[in-house]
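Below is one structure, written out as structure tokens, with a few remarks after it.
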Protein chains: 2
Amino acid sequence: MARQPVIAPDSGILPEERQQRILAALRHDGRVVAAELSARFAVSEDSIRRDLRELAAQGLCKRVYGGALLPAATPTPLKQRRGEHSARKLMLARKAVSLVRPRQTLLIDAGTTNAAIAAALPMEAGLTVITNAPHIAQLLLDREGFAVLLIGGRIDASIGGTVGAQAVEQVRRLRADLCFPGACAIDVAHGLWGFDSEEALFKRAMIDASDEAVVVATDDKLGVVATHQVAELSRVQHLVVEHSADRATRSAFATHGVAVHRAEAAAD
Amino acid sequence: MARQPVIAPDSGILPEERQQRILAALRHDGRVVAAELSARFAVSEDSIRRDLRELAAQGLCKRVYGGALLPAATPTPLKQRRGEHSARKLMLARKAVSLVRPRQTLLIDAGTTNAAIAAALPMEAGLTVITNAPHIAQLLLDREGFAVLLIGGRIDASIGGTVGAQAVEQVRRLRADLCFPGACAIDVAHGLWGFDSEEALFKRAMIDASDEAVVVATDDKLGVVATHQVAELSRVQHLVVEHSADRATRSAFATHGVAVHRAEAAAD
DNA sequence: CGGACGTTTGCATGTTGTTGCACGTTTTTA
DNA sequence: TAAAAACGTGCAACAACATGCAAACGTCCG
């Protein structure tokens, strides 16, 4: 029997593009059905299955009978992330802390880098620290000598601190000398970025409530952007980078009016 | 007789997705009924039974006649209870946790006894926990499976949590099923007491925001008073005491309408 | 221009997974 | 104790799956 000729994809859609769209549909609905995808893209179910198999091999979806689901969310990143990169982050934190002066009020975002900064803050400098991260609050309580204010609200487990409307509202009623918004990404042209919408809004509120903003960024966060903008670069007064940070990148930020501070080399 | 043809799932739901939804329903309600699931997903009860059997094999549910229940709470790992809490507080916490039902919202005050309770709470019971103590919030975040809300405000270092006007105002906007106000002292005639004025006001706000109050008290707190009254005894529905608590004292509270729960004897 | 090569695709084939039903057993209830 | 409900198991039907293969298409050279 004559086999149906294999025609070129009528919609002109490329295989890789199709996979991206499958992924988008998966993330939108939480699940995809092979038969439905076959109809939507006008290809055989075999091709769809091949796509799903490939995506599953990359860990981007979980293959199940009849289609695919979102992969089981890795629920344990925070505990593991803590203590990671400790030597490098310690040097960053030491440099960041040198910007703090006695009796100032600090606004410290959640995050492992910021936890390192909190751990490096000088005791007996009469500092007041406002934070949305219970981990950082507890850390400062244990060290004693700090006045600690907690930002309330719903805690996002993946962030490790409170975000959302209630948290933003509380920050609006406060005023700080310095703030440390955790950076997900920072770029000369487009400023500061966050991964999550709520997170970005909260960071923006932090910056608005502070006289100066200090962004502490590991190398992998420099020159890249994420999905949600926090603020223009003009809202950032200080940038603390690792010793290994690219020289051209550093001068690029400096020419845009940001004071760039380079950490000492890690001793490891 | 012609067997009814095995048709494709009409609702387009994937088998594995169905299992996930069953699990979600189980964690939401604490129980599921096979017949109801059969109707909801438009599959035979046989398939539902197969799903439940499979989930039970993974320890994700407990199979019972007619449906399934949440698995028995995982006993607290030895690592956590070693040294952290005394054996007496552990027994108190276990008794206190037995009053908690799936999907409830809890209001937990700061304090070491309450930290023991938080550590003993069953995971995957869909609990929402509101607390003013960063230590308890962090503890629950690390254990995963809890929705955590933080009460913001100034942290009192000697208490280990937020108190004061801002914290009270936030509690007023919340509603909980159960609250655990840390007890400084409790007396039949004069009710619940606190050492600090701000602390007492906050505990009072907690009780006002909850349907029921559970006071967990070590022996040294029974029958004594402190300086600031929190609430009359009529606002306390449950009292959890140690195994060693005086019998006369227990019956005295019981005759005043308080349900007295006696913890098991400590094993050591 | 044309042939070799790799990629993508649909189809054929055999295998695996899922489902509903029949039947006998166990558990609950009246 | 008896009836009813729920349960487990084996079975057959059907859907989904993996694999191998050949056709169609694009690209890279000669």
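Simple scheme: letters A, B, ... for chains in structure tokens order, numbers from 1 for residues in each chain, numbers from 1 for ligands in the order shown.
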Tell me which protein, DNA and RNA residues are within 7 Å of region 253-256 of chain B, counting only C-alpha atoms (C1' of nucleotides), leaving out same-chain ones fewer than 4 positions away, and put them as a PDB file with C-alpha atoms, in the first residue's frame.
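Writing done, so here's part.pdb:
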```
ATOM      1  CA  VAL B 188      -8.096  28.565  88.020  1.00  0.00           C
ATOM      2  CA  THR B 249      -5.187  20.779  90.066  1.00  0.00           C
ATOM      3  CA  VAL B 260      -7.629  18.933  80.432  1.00  0.00           C
TER       4      VAL B 260
END
```
Query raised in the report: After a least-squares superposition of chain B on chain A over all Cα atoms matched in order, what is the RMSD to one decimal?
Result: 21.0 Å
Query raised in the report: Which one of B:Ala125, B:Val241, B:Cys184, B:Leu107 sits closest to Ala209 (chain B) if you count only C-alpha atoms?
Result: B:Leu107
Requested in this report: Identify all chain D residues at most 10 Å from chain B by counting only C-alpha atoms (C1' of nucleotides); ligands do not count. Present them as JSON, numbers by chain.
Outcome: {"D": [5, 6, 7, 8, 12, 13, 14, 15]}
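Those residues of chain A that fall within 7 Å of chain B when using only C-alpha atoms read A:Val64, A:Tyr65, A:Gly66, A:Lys79, A:Pro134, A:His135, A:Ala137, A:Gln138, A:Leu141, A:Val148, A:Leu149, A:Leu150, A:Ile151, A:Gly152, A:Gly153, A:Arg154, A:Ile155, A:Ala157.
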Query raised in the report: So which residues of region 157-245 of chain A fall under strand (DSSP E or B) by DSSP, listed as a VMD selection string?
Result: chain A and resid 161 to 162 176 to 180 185 to 187 191 to 194 210 to 217 222 228 to 231 238 to 241
Restricted to N, CA and C atoms, what would the selected residues look like written as a JSON list (two decimals), in the first residue's frame?
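Once written, result02.json looks like this:
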```json
[["chain", "number", "residue", "atom", "x", "y", "z"],
["A", 161, "GLY", "N", 11.21, 33.93, 52.55],
["A", 161, "GLY", "CA", 10.82, 35.15, 53.23],
["A", 161, "GLY", "C", 9.44, 35.58, 52.78],
["A", 162, "THR", "N", 8.94, 36.65, 53.41],
["A", 162, "THR", "CA", 7.61, 37.11, 53.06],
["A", 162, "THR", "C", 7.67, 38.01, 51.82],
["A", 176, "ALA", "N", 14.59, 53.41, 55.64],
["A", 176, "ALA", "CA", 15.90, 52.85, 55.99],
["A", 176, "ALA", "C", 17.00, 53.65, 55.32],
["A", 177, "ASP", "N", 18.20, 53.56, 55.90],
["A", 177, "ASP", "CA", 19.35, 54.23, 55.29],
["A", 177, "ASP", "C", 19.86, 53.44, 54.09],
["A", 178, "LEU", "N", 19.95, 52.15, 54.28],
["A", 178, "LEU", "CA", 20.56, 51.30, 53.27],
["A", 178, "LEU", "C", 19.67, 50.08, 53.06],
["A", 179, "CYS", "N", 19.56, 49.63, 51.80],
["A", 179, "CYS", "CA", 18.85, 48.37, 51.62],
["A", 179, "CYS", "C", 19.68, 47.42, 50.76],
["A", 180, "PHE", "N", 19.50, 46.15, 51.03],
["A", 180, "PHE", "CA", 20.20, 45.09, 50.30],
["A", 180, "PHE", "C", 19.17, 44.21, 49.60],
["A", 185, "ALA", "N", 19.43, 39.08, 38.99],
["A", 185, "ALA", "CA", 20.18, 39.42, 37.79],
["A", 185, "ALA", "C", 20.31, 40.93, 37.73],
["A", 186, "ILE", "N", 21.43, 41.42, 37.20],
["A", 186, "ILE", "CA", 21.60, 42.87, 37.06],
["A", 186, "ILE", "C", 22.35, 43.15, 35.75],
["A", 187, "ASP", "N", 21.85, 44.16, 35.05],
["A", 187, "ASP", "CA", 22.38, 44.47, 33.73],
["A", 187, "ASP", "C", 22.54, 45.98, 33.59],
["A", 191, "GLY", "N", 18.97, 47.33, 34.26],
["A", 191, "GLY", "CA", 18.85, 47.42, 35.71],
["A", 191, "GLY", "C", 18.73, 46.10, 36.42],
["A", 192, "LEU", "N", 17.94, 46.13, 37.51],
["A", 192, "LEU", "CA", 17.85, 44.99, 38.42],
["A", 192, "LEU", "C", 16.63, 44.13, 38.10],
["A", 193, "TRP", "N", 16.83, 42.80, 38.19],
["A", 193, "TRP", "CA", 15.76, 41.87, 37.81],
["A", 193, "TRP", "C", 15.54, 40.80, 38.87],
["A", 194, "GLY", "N", 14.30, 40.31, 38.90],
["A", 194, "GLY", "CA", 13.95, 39.21, 39.79],
["A", 194, "GLY", "C", 13.29, 38.08, 39.01],
["A", 210, "SER", "N", 14.28, 53.18, 50.88],
["A", 210, "SER", "CA", 15.65, 53.37, 51.37],
["A", 210, "SER", "C", 16.33, 54.54, 50.68],
["A", 211, "ASP", "N", 17.28, 55.14, 51.37],
["A", 211, "ASP", "CA", 18.05, 56.22, 50.78],
["A", 211, "ASP", "C", 18.98, 55.68, 49.71],
["A", 212, "GLU", "N", 19.62, 54.54, 50.00],
["A", 212, "GLU", "CA", 20.56, 53.97, 49.05],
["A", 212, "GLU", "C", 20.34, 52.47, 48.94],
["A", 213, "ALA", "N", 20.64, 51.96, 47.74],
["A", 213, "ALA", "CA", 20.50, 50.52, 47.52],
["A", 213, "ALA", "C", 21.87, 49.93, 47.20],
["A", 214, "VAL", "N", 22.15, 48.80, 47.83],
["A", 214, "VAL", "CA", 23.40, 48.08, 47.60],
["A", 214, "VAL", "C", 23.06, 46.73, 47.00],
["A", 215, "VAL", "N", 23.54, 46.50, 45.78],
["A", 215, "VAL", "CA", 23.31, 45.20, 45.14],
["A", 215, "VAL", "C", 24.58, 44.38, 45.25],
["A", 216, "VAL", "N", 24.45, 43.22, 45.83],
["A", 216, "VAL", "CA", 25.58, 42.30, 45.98],
["A", 216, "VAL", "C", 25.35, 41.14, 45.04],
["A", 217, "ALA", "N", 26.25, 40.98, 44.07],
["A", 217, "ALA", "CA", 25.97, 40.01, 43.00],
["A", 217, "ALA", "C", 27.16, 39.09, 42.78],
["A", 222, "LEU", "N", 25.76, 38.88, 36.80],
["A", 222, "LEU", "CA", 26.14, 40.11, 36.13],
["A", 222, "LEU", "C", 25.86, 40.03, 34.63],
["A", 228, "HIS", "N", 11.32, 39.56, 35.53],
["A", 228, "HIS", "CA", 10.57, 40.68, 36.09],
["A", 228, "HIS", "C", 11.53, 41.78, 36.54],
["A", 229, "GLN", "N", 11.36, 42.99, 35.96],
["A", 229, "GLN", "CA", 12.25, 44.08, 36.33],
["A", 229, "GLN", "C", 11.91, 44.62, 37.70],
["A", 230, "VAL", "N", 12.95, 44.89, 38.48],
["A", 230, "VAL", "CA", 12.77, 45.47, 39.81],
["A", 230, "VAL", "C", 12.91, 46.98, 39.75],
["A", 231, "ALA", "N", 13.99, 47.43, 39.15],
["A", 231, "ALA", "CA", 14.23, 48.86, 39.09],
["A", 231, "ALA", "C", 15.28, 49.17, 38.02],
["A", 238, "HIS", "N", 25.16, 51.34, 44.86],
["A", 238, "HIS", "CA", 26.38, 50.55, 45.08],
["A", 238, "HIS", "C", 26.22, 49.14, 44.50],
["A", 239, "LEU", "N", 27.31, 48.65, 43.94],
["A", 239, "LEU", "CA", 27.33, 47.28, 43.43],
["A", 239, "LEU", "C", 28.57, 46.59, 43.98],
["A", 240, "VAL", "N", 28.37, 45.49, 44.68],
["A", 240, "VAL", "CA", 29.48, 44.73, 45.22],
["A", 240, "VAL", "C", 29.64, 43.47, 44.39],
["A", 241, "VAL", "N", 30.83, 43.28, 43.82],
["A", 241, "VAL", "CA", 31.07, 42.12, 42.96],
["A", 241, "VAL", "C", 32.24, 41.30, 43.49]]
```
Report summary line: Here CA of Glu199 (chain A) and CA of Ala115 (chain B) stand apart by 28.1 Å
Report task. Give as a PyMOL selection string every residue of chain C that touches chain B within 12 Å, counting only C-alpha atoms (C1' of nucleotides). Result -> chain C and resi 17-22+26-28
With C-alpha atoms (C1' of nucleotides) retained, write the just-selected residues as a short mmCIF file (atom, residue, chain, number, x, y, z; two decimals), in the first residue's frame.
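Saved result, out-v9.cif, follows:
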```cif
data_model
loop_
_atom_site.label_atom_id
_atom_site.label_comp_id
_atom_site.auth_asym_id
_atom_site.auth_seq_id
_atom_site.Cartn_x
_atom_site.Cartn_y
_atom_site.Cartn_z
"C1'" DG C 17 -0.17 0.01 30.35
"C1'" DT C 18 -4.86 0.95 31.56
"C1'" DT C 19 -9.65 -0.09 32.03
"C1'" DG C 20 -14.09 -2.29 32.95
"C1'" DC C 21 -16.23 -6.54 33.94
"C1'" DA C 22 -16.94 -11.25 36.10
"C1'" DT C 26 -13.78 -10.22 53.06
"C1'" DT C 27 -15.83 -6.59 55.80
"C1'" DT C 28 -19.59 -3.91 57.45
#
```
